[in-house]
$ cat data_18.cif   # mmCIF, C-alpha atoms and all ligand atoms
data_target
loop_
_atom_site.label_atom_id
_atom_site.label_comp_id
_atom_site.auth_asym_id
_atom_site.auth_seq_id
_atom_site.Cartn_x
_atom_site.Cartn_y
_atom_site.Cartn_z
CA MET A 12 206.38 81.54 -82.92
CA ASN A 13 203.94 81.61 -85.82
CA PRO A 14 202.03 78.44 -86.81
CA GLU A 15 204.54 77.50 -89.50
CA GLN A 16 207.50 77.94 -87.14
CA ILE A 17 205.73 75.84 -84.53
CA ARG A 18 205.17 73.06 -87.02
CA ALA A 19 208.80 73.12 -88.14
CA ALA A 20 210.03 73.13 -84.54
CA VAL A 21 207.86 70.13 -83.61
CA GLN A 22 209.05 68.22 -86.64
CA GLU A 23 212.72 68.95 -85.94
CA GLU A 24 212.53 68.18 -82.23
CA LEU A 25 210.67 64.93 -82.80
CA GLN A 26 213.18 63.99 -85.46
CA ALA A 27 216.21 64.79 -83.31
CA LEU A 28 215.06 63.12 -80.09
CA PRO A 29 216.40 59.60 -79.43
CA ILE A 30 213.29 57.78 -78.24
CA ILE A 31 213.12 55.01 -75.64
CA ASP A 32 211.05 52.18 -77.08
CA ILE A 33 209.29 50.96 -73.94
CA HIS A 34 207.83 47.66 -75.18
CA THR A 35 209.21 45.39 -77.89
CA HIS A 36 209.78 41.70 -78.52
CA LEU A 37 213.40 42.28 -79.57
CA PHE A 38 216.35 40.65 -77.81
CA GLN A 39 219.87 41.77 -77.00
CA PRO A 40 222.34 39.79 -79.14
CA SER A 41 223.96 38.21 -76.07
CA LEU A 42 220.75 36.17 -75.67
CA GLY A 43 221.63 34.30 -78.86
CA PRO A 44 219.58 33.48 -81.92
CA ILE A 45 216.10 34.08 -80.42
CA GLY A 46 216.16 37.66 -81.72
CA LEU A 47 214.45 37.95 -85.11
CA TRP A 48 215.78 40.11 -87.92
CA GLY A 49 216.07 40.22 -91.71
CA ILE A 50 213.79 40.12 -94.70
CA ASP A 51 212.17 36.69 -94.27
CA GLU A 52 211.23 37.46 -90.65
CA LEU A 53 209.90 40.87 -91.69
CA ILE A 54 207.66 39.38 -94.36
CA THR A 55 206.37 36.54 -92.16
CA TYR A 56 205.45 38.91 -89.28
CA HIS A 57 202.17 37.62 -87.84
CA TYR A 58 200.40 40.88 -88.73
CA LEU A 59 201.11 39.96 -92.39
CA GLU A 60 200.23 36.29 -91.97
CA ALA A 61 196.75 37.38 -90.91
CA GLU A 62 196.48 39.42 -94.11
CA LEU A 63 197.74 36.60 -96.35
CA PHE A 64 194.67 34.43 -95.79
CA ARG A 65 192.36 37.24 -96.93
CA SER A 66 193.98 37.35 -100.37
CA CYS A 67 195.22 33.79 -100.98
CA PRO A 68 193.25 30.51 -100.85
CA ILE A 69 195.95 28.60 -98.93
CA THR A 70 194.82 27.19 -95.58
CA PRO A 71 196.67 28.05 -92.35
CA THR A 72 197.60 24.37 -91.94
CA GLN A 73 199.21 24.30 -95.39
CA TYR A 74 200.95 27.61 -94.77
CA PHE A 75 202.39 26.63 -91.39
CA SER A 76 203.79 23.39 -92.82
CA MET A 77 206.00 25.37 -95.23
CA GLY A 78 209.58 26.50 -94.56
CA LYS A 79 210.27 30.12 -93.58
CA GLN A 80 211.62 31.21 -96.97
CA ALA A 81 208.74 29.61 -98.90
CA GLN A 82 206.28 31.32 -96.53
CA ALA A 83 208.00 34.66 -97.15
CA ASP A 84 207.92 34.10 -100.92
CA LEU A 85 204.19 33.38 -100.80
CA ILE A 86 203.36 36.43 -98.69
CA TRP A 87 205.59 38.61 -100.88
CA LYS A 88 203.86 37.42 -104.06
CA THR A 89 200.38 37.69 -102.59
CA LEU A 90 200.53 40.96 -100.68
CA PHE A 91 203.30 42.86 -102.48
CA ILE A 92 203.12 41.74 -106.13
CA ASP A 93 199.59 40.52 -106.84
CA ASN A 94 198.19 43.23 -104.54
CA THR A 95 199.36 46.72 -103.66
CA PRO A 96 200.92 46.94 -100.18
CA ILE A 97 198.61 49.63 -98.84
CA SER A 98 197.85 48.19 -95.38
CA GLU A 99 199.87 49.51 -92.45
CA ALA A 100 201.82 46.27 -91.97
CA THR A 101 202.65 45.75 -95.65
CA ARG A 102 203.64 49.38 -96.13
CA GLY A 103 206.04 48.87 -93.23
CA VAL A 104 208.07 46.29 -95.14
CA VAL A 105 208.27 48.63 -98.12
CA ALA A 106 209.53 51.42 -95.86
CA VAL A 107 212.24 49.20 -94.36
CA LEU A 108 213.47 48.05 -97.77
CA ASN A 109 213.50 51.65 -98.91
CA ALA A 110 215.43 52.77 -95.81
CA PHE A 111 218.24 50.41 -96.83
CA GLY A 112 218.07 51.42 -100.51
CA LEU A 113 216.75 47.97 -101.51
CA PRO A 114 214.19 47.34 -104.28
CA THR A 115 210.60 47.54 -102.99
CA SER A 116 209.16 45.37 -105.77
CA GLY A 117 210.22 42.44 -107.94
CA SER A 118 212.48 39.77 -106.52
CA LEU A 119 213.73 39.36 -102.95
CA THR A 120 217.20 38.18 -104.03
CA GLU A 121 218.97 41.47 -103.41
CA ALA A 122 217.29 42.01 -100.05
CA ARG A 123 218.21 38.50 -98.91
CA ALA A 124 221.85 39.00 -99.93
CA PHE A 125 221.97 42.36 -98.17
CA PHE A 126 220.65 41.08 -94.82
CA ALA A 127 222.87 37.98 -95.02
CA SER A 128 225.89 40.30 -95.28
CA ARG A 129 225.06 42.24 -92.11
CA LYS A 130 226.84 41.68 -88.79
CA LEU A 131 224.19 41.77 -86.09
CA ASP A 132 225.85 44.02 -83.54
CA GLN A 133 226.65 46.80 -86.01
CA HIS A 134 223.30 46.23 -87.73
CA ILE A 135 221.46 46.95 -84.46
CA ASP A 136 223.31 50.27 -84.13
CA ASP A 137 222.41 51.19 -87.71
CA VAL A 138 218.77 50.16 -87.29
CA PHE A 139 218.41 52.12 -84.03
CA ARG A 140 219.95 55.18 -85.70
CA LEU A 141 217.55 54.92 -88.66
CA ALA A 142 214.64 54.48 -86.25
CA GLY A 143 215.71 57.35 -83.99
CA ILE A 144 215.76 55.24 -80.81
CA ASP A 145 218.61 54.61 -78.39
CA GLN A 146 217.08 52.00 -76.07
CA ALA A 147 214.59 49.18 -76.51
CA VAL A 148 212.78 47.33 -73.75
CA MET A 149 212.59 43.56 -74.27
CA THR A 150 209.95 41.00 -73.23
CA ASN A 151 211.63 38.18 -71.28
CA ASP A 152 209.77 35.09 -70.24
CA PRO A 153 211.27 32.97 -67.43
CA LEU A 154 209.17 29.99 -68.53
CA ASP A 155 209.95 30.12 -72.24
CA PRO A 156 212.06 27.03 -72.90
CA THR A 157 213.87 28.75 -75.78
CA GLU A 158 214.81 31.77 -73.66
CA VAL A 159 215.68 30.26 -70.29
CA PRO A 160 218.99 28.61 -71.33
CA ALA A 161 220.20 31.95 -72.69
CA TRP A 162 219.66 33.58 -69.28
CA GLU A 163 221.16 30.64 -67.42
CA ALA A 164 224.39 31.30 -69.35
CA ASN A 165 224.64 34.77 -67.71
CA PRO A 166 224.51 36.89 -70.87
CA ALA A 167 226.47 40.13 -71.04
CA THR A 168 224.33 43.21 -70.43
CA ASP A 169 223.83 45.57 -73.35
CA LYS A 170 223.14 49.25 -72.72
CA ARG A 171 220.81 49.38 -75.73
CA PHE A 172 218.39 46.85 -74.18
CA HIS A 173 216.43 46.58 -70.93
CA ALA A 174 214.91 43.37 -69.63
CA VAL A 175 211.27 42.92 -68.59
CA LEU A 176 209.98 39.99 -66.57
CA ARG A 177 206.92 38.73 -68.42
CA LEU A 178 204.30 36.91 -66.36
CA ASP A 179 201.78 35.52 -68.88
CA ARG A 180 202.58 31.88 -68.29
CA ILE A 181 202.28 32.28 -64.52
CA LEU A 182 199.23 34.54 -64.38
CA ASN A 183 197.29 33.28 -67.42
CA LYS A 184 198.43 29.68 -67.88
CA TRP A 185 199.12 28.40 -64.39
CA ALA A 186 197.42 25.07 -65.12
CA GLN A 187 199.99 24.34 -67.83
CA HIS A 188 203.02 25.65 -65.89
CA TRP A 189 202.74 24.96 -62.17
CA GLU A 190 204.44 21.61 -62.68
CA VAL A 191 207.43 23.27 -64.28
CA LEU A 192 207.94 25.25 -61.07
CA LYS A 193 207.34 22.12 -59.02
CA GLU A 194 210.07 20.29 -60.96
CA GLN A 195 212.41 23.15 -60.20
CA GLY A 196 211.85 22.58 -56.48
CA TYR A 197 209.14 25.14 -55.71
CA ASP A 198 206.41 24.02 -53.32
CA VAL A 199 203.43 24.93 -55.52
CA ALA A 200 200.02 23.40 -56.21
CA ALA A 201 197.69 23.41 -59.21
CA ASP A 202 195.01 25.31 -57.28
CA GLY A 203 197.44 27.85 -55.81
CA SER A 204 196.93 26.54 -52.28
CA GLY A 205 199.50 26.14 -49.47
CA ASN A 206 202.80 27.88 -50.10
CA SER A 207 202.11 28.51 -53.80
CA ALA A 208 201.96 32.32 -53.65
CA SER A 209 205.11 32.74 -51.57
CA GLU A 210 206.88 30.20 -53.77
CA VAL A 211 205.83 32.07 -56.93
CA ARG A 212 207.27 35.19 -55.32
CA ARG A 213 210.52 33.32 -54.60
CA PHE A 214 210.65 32.13 -58.24
CA LEU A 215 210.08 35.67 -59.56
CA SER A 216 212.59 37.08 -57.14
CA LYS A 217 215.25 34.72 -58.47
CA TRP A 218 214.44 35.87 -62.00
CA CYS A 219 214.60 39.52 -60.97
CA ASP A 220 218.13 38.86 -59.73
CA LYS A 221 219.01 37.20 -63.02
CA MET A 222 217.35 39.60 -65.46
CA ASN A 223 217.34 42.89 -63.54
CA PRO A 224 214.02 43.82 -65.18
CA VAL A 225 212.94 47.45 -65.44
CA TYR A 226 209.34 46.35 -64.91
CA MET A 227 207.20 43.19 -64.80
CA ALA A 228 204.53 42.72 -67.46
CA VAL A 229 201.47 40.72 -68.33
CA SER A 230 198.93 40.73 -71.14
CA LEU A 231 195.40 40.13 -69.90
CA PRO A 232 192.12 39.08 -71.49
CA ASP A 233 189.21 41.46 -72.11
CA THR A 234 187.43 39.60 -69.28
CA PHE A 235 190.13 40.55 -66.73
CA ALA A 236 188.53 41.14 -63.34
CA TYR A 237 189.79 42.32 -59.96
CA PRO A 238 188.98 41.33 -57.27
CA GLU A 239 188.31 37.75 -58.27
CA ASP A 240 188.73 34.27 -56.84
CA SER A 241 191.47 32.96 -59.15
CA THR A 242 195.14 32.00 -59.06
CA ARG A 243 195.79 35.02 -61.29
CA ILE A 244 194.54 37.48 -58.69
CA LEU A 245 195.99 35.49 -55.79
CA PHE A 246 199.47 35.63 -57.35
CA LEU A 247 199.06 39.27 -58.39
CA ARG A 248 198.09 40.27 -54.86
CA GLU A 249 200.47 38.10 -52.90
CA ALA A 250 203.49 37.60 -55.14
CA VAL A 251 203.76 40.01 -58.07
CA LEU A 252 202.69 43.32 -56.56
CA PRO A 253 204.57 42.92 -53.25
CA LEU A 254 207.70 41.99 -55.22
CA CYS A 255 207.23 45.01 -57.51
CA ARG A 256 207.10 47.16 -54.36
CA GLU A 257 210.17 45.50 -52.88
CA ARG A 258 212.15 46.00 -56.12
CA ASN A 259 210.59 49.41 -56.72
CA ILE A 260 209.52 48.57 -60.29
CA PRO A 261 206.14 49.01 -62.00
CA LEU A 262 203.83 46.33 -63.33
CA SER A 263 202.77 46.72 -66.95
CA THR A 264 199.26 45.45 -67.65
CA MET A 265 198.20 45.15 -71.28
CA ILE A 266 194.49 44.42 -71.16
CA GLY A 267 191.94 43.42 -73.80
CA VAL A 268 193.20 40.36 -75.69
CA ARG A 269 190.76 37.69 -76.82
CA TYR A 270 193.22 34.83 -77.05
CA LEU A 271 193.12 32.53 -80.08
CA VAL A 272 189.70 33.43 -81.45
CA ASN A 273 191.02 31.57 -84.49
CA PRO A 274 193.50 29.00 -83.14
CA THR A 275 194.56 27.87 -86.64
CA LEU A 276 196.28 31.24 -87.12
CA LYS A 277 198.61 30.70 -84.10
CA LEU A 278 200.29 33.99 -83.14
CA ALA A 279 198.01 35.81 -85.59
CA GLY A 280 194.89 34.24 -84.08
CA ASP A 281 194.16 36.66 -81.20
CA GLY A 282 191.36 39.22 -81.26
CA ALA A 283 190.49 42.30 -79.21
CA GLY A 284 187.67 43.01 -76.77
CA LYS A 285 186.40 45.82 -74.59
CA SER A 286 187.19 45.48 -70.89
CA ASP A 287 185.51 46.57 -67.68
CA LEU A 288 187.99 49.11 -66.32
CA ARG A 289 186.56 48.98 -62.82
CA ALA A 290 189.26 46.33 -62.35
CA VAL A 291 191.91 48.95 -63.10
CA GLU A 292 190.23 51.45 -60.78
CA ARG A 293 190.21 48.98 -57.89
CA MET A 294 193.81 47.91 -58.44
CA ALA A 295 195.02 51.51 -58.63
CA LEU A 296 193.19 52.20 -55.38
CA ASP A 297 194.02 49.02 -53.44
CA PHE A 298 197.67 49.08 -54.50
CA GLY A 299 198.37 52.78 -54.15
CA ASP A 300 202.04 52.03 -53.46
CA ASN A 301 202.43 50.19 -56.78
CA ARG A 302 202.94 51.83 -60.15
CA PHE A 303 201.14 50.51 -63.24
CA LEU A 304 202.01 51.03 -66.89
CA ILE A 305 198.75 50.49 -68.79
CA SER A 306 197.92 49.80 -72.42
CA LEU A 307 194.49 48.68 -73.62
CA LEU A 308 193.67 46.89 -76.83
CA SER A 309 190.15 48.15 -77.34
CA ARG A 310 189.62 51.53 -78.96
CA GLU A 311 186.41 51.91 -76.96
CA ASN A 312 188.30 51.77 -73.64
CA GLN A 313 190.75 54.59 -74.37
CA HIS A 314 188.75 57.57 -73.17
CA GLU A 315 187.90 55.82 -69.93
CA LEU A 316 191.60 55.09 -69.34
CA CYS A 317 192.33 58.82 -69.60
CA VAL A 318 189.69 59.46 -66.96
CA TYR A 319 191.27 56.88 -64.62
CA ALA A 320 194.73 58.32 -65.21
CA ARG A 321 193.36 61.69 -64.05
CA LYS A 322 192.24 60.03 -60.81
CA PHE A 323 195.28 57.89 -60.11
CA ALA A 324 198.83 59.18 -60.54
CA ASN A 325 200.13 55.63 -60.17
CA LEU A 326 198.71 54.80 -63.64
CA MET A 327 200.83 55.57 -66.71
CA PRO A 328 198.93 55.06 -69.99
CA PHE A 329 201.25 54.02 -72.78
CA GLY A 330 201.21 53.13 -76.44
CA CYS A 331 198.66 52.52 -79.15
CA TRP A 332 198.85 48.77 -78.97
CA TRP A 333 198.75 46.23 -81.83
CA PHE A 334 195.44 46.72 -83.75
CA LEU A 335 195.42 50.36 -82.60
CA ASN A 336 198.79 51.19 -84.12
CA ASN A 337 197.27 52.64 -87.29
CA PRO A 338 197.39 56.37 -88.11
CA SER A 339 193.62 56.91 -87.88
CA VAL A 340 193.42 55.48 -84.36
CA VAL A 341 196.78 56.84 -83.16
CA GLU A 342 195.61 60.33 -84.13
CA GLU A 343 192.38 60.04 -82.20
CA MET A 344 193.93 58.45 -79.11
CA THR A 345 196.82 60.88 -78.88
CA ARG A 346 194.59 63.94 -79.21
CA GLU A 347 192.34 62.60 -76.48
CA ARG A 348 195.30 61.86 -74.20
CA ILE A 349 196.91 65.29 -74.66
CA GLU A 350 193.59 67.03 -74.07
CA MET A 351 193.03 65.10 -70.85
CA LEU A 352 196.53 64.44 -69.55
CA GLY A 353 198.84 67.08 -71.05
CA ALA A 354 202.29 65.54 -71.50
CA SER A 355 201.92 63.06 -68.62
CA PHE A 356 201.63 59.86 -70.68
CA ILE A 357 203.80 57.77 -73.03
CA PRO A 358 202.35 58.11 -76.55
CA GLN A 359 203.80 55.04 -78.21
CA HIS A 360 205.87 51.86 -78.12
CA SER A 361 206.76 49.87 -81.23
CA ASP A 362 205.92 46.29 -80.20
CA ALA A 363 208.53 45.34 -82.80
CA ARG A 364 209.07 41.60 -83.08
CA VAL A 365 211.59 41.81 -85.90
CA LEU A 366 214.49 44.22 -85.41
CA GLU A 367 214.12 46.37 -88.53
CA GLN A 368 210.42 47.02 -87.79
CA VAL A 369 211.47 49.79 -85.42
CA ILE A 370 212.48 51.79 -88.51
CA TYR A 371 209.00 51.94 -90.01
CA LYS A 372 207.06 51.93 -86.77
CA TRP A 373 208.90 54.94 -85.35
CA ARG A 374 208.85 56.79 -88.67
CA ASN A 375 205.11 56.28 -88.83
CA THR A 376 204.70 57.48 -85.25
CA ARG A 377 206.72 60.63 -85.93
CA ARG A 378 204.78 61.29 -89.14
CA THR A 379 201.37 60.80 -87.52
CA LEU A 380 202.15 62.71 -84.35
CA THR A 381 203.92 65.74 -85.87
CA PRO A 382 200.65 67.42 -86.97
CA ILE A 383 198.89 66.43 -83.73
CA LEU A 384 201.61 67.92 -81.52
CA ALA A 385 202.01 70.95 -83.79
CA GLY A 386 198.25 71.52 -83.65
CA THR A 387 198.35 71.37 -79.86
CA PHE A 388 201.01 74.10 -79.60
CA GLN A 389 199.40 76.15 -82.40
CA THR A 390 196.10 76.18 -80.52
CA LEU A 391 197.86 77.26 -77.34
CA ALA A 392 199.53 80.11 -79.25
CA GLU A 393 196.18 81.11 -80.74
CA ASP A 394 194.76 81.33 -77.23
CA GLY A 395 197.53 83.70 -76.17
CA GLY A 396 200.01 81.20 -74.69
CA ILE A 397 203.74 81.68 -75.19
CA VAL A 398 205.10 78.79 -77.21
CA THR A 399 208.88 78.53 -77.28
CA ARG A 400 211.28 76.08 -78.83
CA ASP A 401 212.37 75.08 -75.32
CA ALA A 402 208.81 74.29 -74.26
CA ILE A 403 208.27 72.16 -77.35
CA ARG A 404 211.52 70.29 -76.73
CA ARG A 405 210.72 69.80 -73.04
CA ASP A 406 207.26 68.34 -73.69
CA ILE A 407 208.34 66.06 -76.51
CA THR A 408 211.28 64.81 -74.45
CA ARG A 409 208.99 64.19 -71.50
CA MET A 410 206.53 62.13 -73.55
CA PHE A 411 209.03 59.99 -75.45
CA ARG A 412 211.76 59.60 -72.77
CA GLY A 413 211.24 61.47 -69.52
CA ASN A 414 208.00 59.82 -68.42
CA PHE A 415 209.61 56.41 -68.82
CA GLU A 416 212.82 57.50 -67.08
CA ASN A 417 210.89 58.95 -64.16
CA PHE A 418 208.14 56.36 -63.82
CA VAL A 419 210.30 53.32 -64.50
CA LEU A 420 214.06 53.77 -64.55
CA SER A 421 215.00 56.31 -61.96
CA ARG A 422 213.02 55.40 -58.86
O1 LIG B 501 201.59 42.98 -81.05
C1 LIG B 501 201.95 41.81 -80.94
O2 LIG B 501 202.96 41.39 -81.51
C2 LIG B 501 201.13 40.85 -80.14
O3 LIG B 501 201.25 39.61 -80.70
C3 LIG B 501 201.53 40.66 -78.73
O4 LIG B 501 202.84 40.20 -78.65
C4 LIG B 501 201.45 41.75 -77.76
O5 LIG B 501 202.11 42.90 -78.17
C5 LIG B 501 201.93 41.32 -76.40
O6 LIG B 501 202.97 41.80 -75.95
O7 LIG B 501 201.27 40.45 -75.84
ZN ZN B 502 203.90 43.06 -77.29
#
$ encode --input "data_18.cif" --output "structure tokens" --more "lines below"
Ligand code: RAT
Ligand code: ZN
Amino acid sequence: MNPEQIRAAVQEELQALPIIDIHTHLFQPSLGPIGLWGIDELITYHYLEAELFRSCPITPTQYFSMGKQAQADLIWKTLFIDNTPISEATRGVVAVLNAFGLPTSGSLTEARAFFASRKLDQHIDDVFRLAGIDQAVMTNDPLDPTEVPAWEANPATDKRFHAVLRLDRILNKWAQHWEVLKEQGYDVAADGSGNSASEVRRFLSKWCDKMNPVYMAVSLPDTFAYPEDSTRILFLREAVLPLCRERNIPLSTMIGVRYLVNPTLKLAGDGAGKSDLRAVERMALDFGDNRFLISLLSRENQHELCVYARKFANLMPFGCWWFLNNPSVVEEMTRERIEMLGASFIPQHSDARVLEQVIYKWRNTRRTLTPILAGTFQTLAEDGGIVTRDAIRRDITRMFRGNFENFVLSR
């Protein structure tokens, strides 16, 4: 194939492949109204809330006291009318409106009427088709009071969605949650002593039965350390990782958050920090029978992660997370990963919080990665390698589906 044919083949294969979105904050409709969708949710996405305060004098306290629609109107006026929507997150809203043939400027009336007319179940099918995905992995928290009742009602499964047992409240906020377990009859203590670890395992095991998660997951601070004398590491070592082995599922660790550096911004108030990846090295070594999906929030940590993935086959780097999901950084990270790991990683997840975001996030990923992947195969051809359509399809399928199916679903 000549360079132009290679580029066209990459573009077509990437376009045609139904991707598995391996980490989102979306919910299957059978879990009820906790799933966010529609124009007001899109505009009040926390990525956009953070941008609002840079261009409008309103204080966070004033903003958060407003109703959802008034918040959306303010963000729309500030970031889309008074300013040009050139940031990644604002451009995303424009792309979604455009995908549905809705006006991308002026009033929101038509968009609101359109989304109000949609029936959720069919809408999900349409959104997934526009995004080019066929499955999305959820984030399910067994200690979230808004989510628990939905699971207690034994929701119908939905082949478009997979559950994930999220552990943040247990591993990061034990002090605020141990009593909730205690009230539910688990023999746990604030300091993790006595039967706490085995009881946490029993609690998680019950939730595995209920949710049938494809993996367990936790976000971790930039200061994450292992080994360490803490309830976090105690429960990881004695409850979470043994249970992952028993159920034969991976643990996803997303490391590098600096929680609430500006608490007034709520969900938009977290920052990012560089981590010491010796913790990852030691975990990969000490728990050689566990599998770890890994995403890191700091750009500076990405090269090191590739090095560790070369040492430990039980690490699966995935995604360009949160502040990294911008074309300039995605380009750099993906090049680095291909150069060091071939096709043995998962390039992206959407992290969508509002259903329709998968449309713009996956379009952006395809647009950014087409030249990177094409360049990879073009360079191979230049060096005398045989590049075929089948090889391109095989590698793209492996990165955006196969690695997840093999590492997570099919073991
Ligand atoms: O990207 C985000 O939406 C963040 O707020 C987080 O939810 C992060 O992705 C996480 O899963 O902790
Ligand atoms: Zn997330």
$ closest_atom_pairs --input "data_18.cif" --of "chain A" --to "ligand LIG 501 (chain B)" --cutoff "8 Å" --atoms "all atoms listed in the file" --output "tab-separated table"
residue	atom	partner	partner_atom	distance
A:His34	CA	B:LIG501	O6	7.7
A:Thr35	CA	B:LIG501	O6	7.5
A:His36	CA	B:LIG501	O4	7.1
A:His57	CA	B:LIG501	O2	7.4
A:Tyr58	CA	B:LIG501	O2	7.7
A:Thr150	CA	B:LIG501	O6	7.5
A:Val229	CA	B:LIG501	O7	7.5
A:Ser230	CA	B:LIG501	O7	5.3
A:Met265	CA	B:LIG501	O7	7.2
A:Leu278	CA	B:LIG501	O3	6.2
A:Ala279	CA	B:LIG501	O3	7.0
A:Asp281	CA	B:LIG501	O3	7.7
A:Trp332	CA	B:LIG501	O1	6.7
A:Trp333	CA	B:LIG501	O1	4.4
A:Phe334	CA	B:LIG501	O1	7.7
A:Asp362	CA	B:LIG501	O5	5.5
A:Ala363	CA	B:LIG501	O2	6.9
A:Arg364	CA	B:LIG501	O2	6.3
$ residues_around --input "data_18.cif" --residues "range 116-124 of chain A" --least-positions-apart "5" --cutoff "12 Å" --atoms "all atoms listed in the file" --output "NGL selection string"
:A and (48-54 or 80-81 or 83-88 or 90-96 or 102 or 104-111 or 129)
$ residues_around --input "data_18.cif" --residues "Gln359 in chain A" --least-positions-apart "4" --cutoff "10 Å" --atoms "all atoms listed in the file" --output "PyMOL selection string"
chain A and resi 30-34+306+328-332+336+341+345+372-373+376-377+380+410-411
$ atom_distance --input "data_18.cif" --atom1 "CA of Ser128 in chain A" --atom2 "CA of Pro29 in chain A"
26.7 Å
$ atom_distance --input "data_18.cif" --atom1 "CA of His314 in chain A" --atom2 "CA of Met351 in chain A"
9.0 Å
$ atom_distance --input "data_18.cif" --atom1 "CA of Leu316 in chain A" --atom2 "CA of Leu178 in chain A"
22.4 Å
$ residues_near_point --input "data_18.cif" --point "(215.2, 31.7, -73.2)" --cutoff "12 Å" --atoms "only C-alpha atoms" --output "compact mmCIF listing (two decimals) with C-alpha atoms, in the coordinates of the input"
# COMPACT_ATOMS: atom_id res chain seq x y z
CA PHE A 38 216.35 40.65 -77.81
CA GLN A 39 219.87 41.77 -77.00
CA SER A 41 223.96 38.21 -76.07
CA LEU A 42 220.75 36.17 -75.67
CA GLY A 43 221.63 34.30 -78.86
CA PRO A 44 219.58 33.48 -81.92
CA ILE A 45 216.10 34.08 -80.42
CA GLY A 46 216.16 37.66 -81.72
CA THR A 150 209.95 41.00 -73.23
CA ASN A 151 211.63 38.18 -71.28
CA ASP A 152 209.77 35.09 -70.24
CA PRO A 153 211.27 32.97 -67.43
CA LEU A 154 209.17 29.99 -68.53
CA ASP A 155 209.95 30.12 -72.24
CA PRO A 156 212.06 27.03 -72.90
CA THR A 157 213.87 28.75 -75.78
CA GLU A 158 214.81 31.77 -73.66
CA VAL A 159 215.68 30.26 -70.29
CA PRO A 160 218.99 28.61 -71.33
CA ALA A 161 220.20 31.95 -72.69
CA TRP A 162 219.66 33.58 -69.28
CA GLU A 163 221.16 30.64 -67.42
CA ALA A 164 224.39 31.30 -69.35
CA ASN A 165 224.64 34.77 -67.71
CA PRO A 166 224.51 36.89 -70.87
CA LEU A 176 209.98 39.99 -66.57
CA ARG A 177 206.92 38.73 -68.42
CA TRP A 218 214.44 35.87 -62.00
CA MET A 222 217.35 39.60 -65.46
$ closest_residue --input "data_18.cif" --among "A:Thr379, A:Ser421, A:Ser263, A:Thr89" --to "ligand ZN 502 (chain B)" --atoms "all atoms listed in the file"
A:Ser263
$ closest_residue --input "data_18.cif" --among "A:Ser361, A:Ser286, A:Asn417, A:Gln16" --to "ligand ZN 502 (chain B)" --atoms "all atoms listed in the file"
A:Ser361
$ closest_residue --input "data_18.cif" --among "A:Leu182, A:Ile357, A:Ala174, A:Ala27" --to "Ala147 in chain A" --atoms "all atoms listed in the file"
A:Ala174
$ closest_residue --input "data_18.cif" --among "A:Ser355, A:Gln26, A:Asn375, A:Gln195" --to "Ala324 in chain A" --atoms "all atoms listed in the file"
A:Ser355
$ closest_atom_pairs --input "data_18.cif" --of "range 202-244 of chain A" --to "range 188-193 of chain A" --cutoff "12 Å" --atoms "all atoms listed in the file" --output "CSV"
residue,atom,partner,partner_atom,distance
A:Asp202,CA,A:Trp189,CA,9.2
A:Gly203,CA,A:Trp189,CA,8.8
A:Ser204,CA,A:Trp189,CA,11.6
A:Asn206,CA,A:Lys193,CA,11.5
A:Ser207,CA,A:Trp189,CA,9.1
A:Ala208,CA,A:Trp189,CA,11.3
A:Glu210,CA,A:Leu192,CA,8.9
A:Val211,CA,A:Leu192,CA,8.3
A:Arg212,CA,A:Leu192,CA,11.5
A:Arg213,CA,A:Leu192,CA,10.7
A:Phe214,CA,A:Leu192,CA,7.9
A:Leu215,CA,A:Leu192,CA,10.7
A:Thr242,CA,A:Trp189,CA,10.8
$ residues_around --input "data_18.cif" --residues "Arg378 in chain A" --least-positions-apart "4" --cutoff "12 Å" --atoms "all atoms listed in the file" --output "list in words"
Arg18, Val21, Gln22, Glu23, Leu25, Gln26, Asn337, Pro338, Val341, Glu342, Tyr371, Lys372, Trp373, Arg374, Pro382, Ile383, Leu384 and Ala385 of chain A
$ write_last_selection --input "data_18.cif" --atoms "C-alpha atoms" --output "PDB file, in the coordinates of the input"
ATOM      1  CA  ARG A  18     205.170  73.060 -87.020  1.00  0.00           C
ATOM      2  CA  VAL A  21     207.860  70.130 -83.610  1.00  0.00           C
ATOM      3  CA  GLN A  22     209.050  68.220 -86.640  1.00  0.00           C
ATOM      4  CA  GLU A  23     212.720  68.950 -85.940  1.00  0.00           C
ATOM      5  CA  LEU A  25     210.670  64.930 -82.800  1.00  0.00           C
ATOM      6  CA  GLN A  26     213.180  63.990 -85.460  1.00  0.00           C
ATOM      7  CA  ASN A 337     197.270  52.640 -87.290  1.00  0.00           C
ATOM      8  CA  PRO A 338     197.390  56.370 -88.110  1.00  0.00           C
ATOM      9  CA  VAL A 341     196.780  56.840 -83.160  1.00  0.00           C
ATOM     10  CA  GLU A 342     195.610  60.330 -84.130  1.00  0.00           C
ATOM     11  CA  TYR A 371     209.000  51.940 -90.010  1.00  0.00           C
ATOM     12  CA  LYS A 372     207.060  51.930 -86.770  1.00  0.00           C
ATOM     13  CA  TRP A 373     208.900  54.940 -85.350  1.00  0.00           C
ATOM     14  CA  ARG A 374     208.850  56.790 -88.670  1.00  0.00           C
ATOM     15  CA  PRO A 382     200.650  67.420 -86.970  1.00  0.00           C
ATOM     16  CA  ILE A 383     198.890  66.430 -83.730  1.00  0.00           C
ATOM     17  CA  LEU A 384     201.610  67.920 -81.520  1.00  0.00           C
ATOM     18  CA  ALA A 385     202.010  70.950 -83.790  1.00  0.00           C
TER      19      ALA A 385
END
$ closest_residue --input "data_18.cif" --among "A:Leu37, A:Cys219, A:Leu262, A:Val398" --to "ligand ZN 502 (chain B)" --atoms "all atoms listed in the file"
A:Leu37
